[in-house]
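Notes for the one structure printed next.
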Amino acid sequence: MLEAGIPSPVVPYGADQTLFVVIDRLDRATEIRIERSDLETTIDELVAGCFNDPIKVISFNTLEHWMKDISADVAGEIKARCDIDGVTLPDYLSDFVESHPLNRARRR
């Protein structure tokens with residue numbers, strides 16, 4: 001199993017599709033990767049508590065062969081949605097959001 005901090009150099013071939021992978025920690029020794037084909041569903045499931053301890057969110061495109069760690073963007077989106085809705089960030093997402101702060105320079 002690949003470590004969360006080491007991105008895979010291989011992006012699968014196939015139809016032009018952008019996929020999203022949530023790396024979720026089950027316990028200290030076990031991580032799983034859960035693939036989704038829709039970013040909105042991925043964010044909704046994170047907010048709904050469908051993951052145990054999300055570590056990272058990675059997007060990749062099967063035709064263009066790129067991959068990107070979008071954890072900070074997803075964390076920022078979750079925080080923004082909570083702020084807009086006037087709700088407190090759920091405890092199960094606080095570690096994820098705090099460990100992936102959105103770089104203020106990128107917001108400009």
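The chains in the structure tokens are called A, B, ... from first to last as shown; in each chain the residues are counted from 1, and the ligands are counted from 1 in the order shown.
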
May I have the residues within 10 Å of Pro54 of chain A as a short mmCIF file (atom, residue, chain, number, x, y, z; two decimals) with C-alpha atoms, in the first residue's frame, using only C-alpha atoms and disregarding those fewer than 3 positions away in the same chain?
```cif
data_model
loop_
_atom_site.label_atom_id
_atom_site.label_comp_id
_atom_site.auth_asym_id
_atom_site.auth_seq_id
_atom_site.Cartn_x
_atom_site.Cartn_y
_atom_site.Cartn_z
CA VAL A 22 -10.28 10.10 -0.44
CA ILE A 23 -7.52 8.54 1.61
CA ASP A 24 -9.15 7.48 4.85
CA ARG A 25 -7.37 6.19 7.95
CA LEU A 26 -9.09 3.24 9.60
CA GLU A 31 -5.39 3.38 5.24
CA ILE A 32 -7.90 2.83 2.46
CA ARG A 33 -8.61 4.74 -0.70
CA LEU A 46 -17.10 14.07 3.96
CA GLY A 49 -19.36 11.72 8.22
CA CYS A 50 -19.08 8.82 5.77
CA PHE A 51 -15.33 8.56 6.35
CA VAL A 57 -8.22 14.10 -1.23
CA SER A 71 -7.05 18.52 0.17
CA TYR A 92 -14.82 14.36 12.75
CA LEU A 93 -13.58 16.87 10.13
CA ASP A 95 -8.33 17.39 12.02
CA PHE A 96 -8.72 17.24 8.23
CA VAL A 97 -9.57 20.94 7.87
#
```

Write out as a ChimeraX atom specification the residues lying within 8 Å of Ser37 of chain A, counting only C-alpha atoms and excluding same-chain residues fewer than 5 positions away. /A:17-20

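Taking atom CA of Ile55 of chain A and atom CA of Ile84 of chain A as the two end points, the separation is 23.9 Å.
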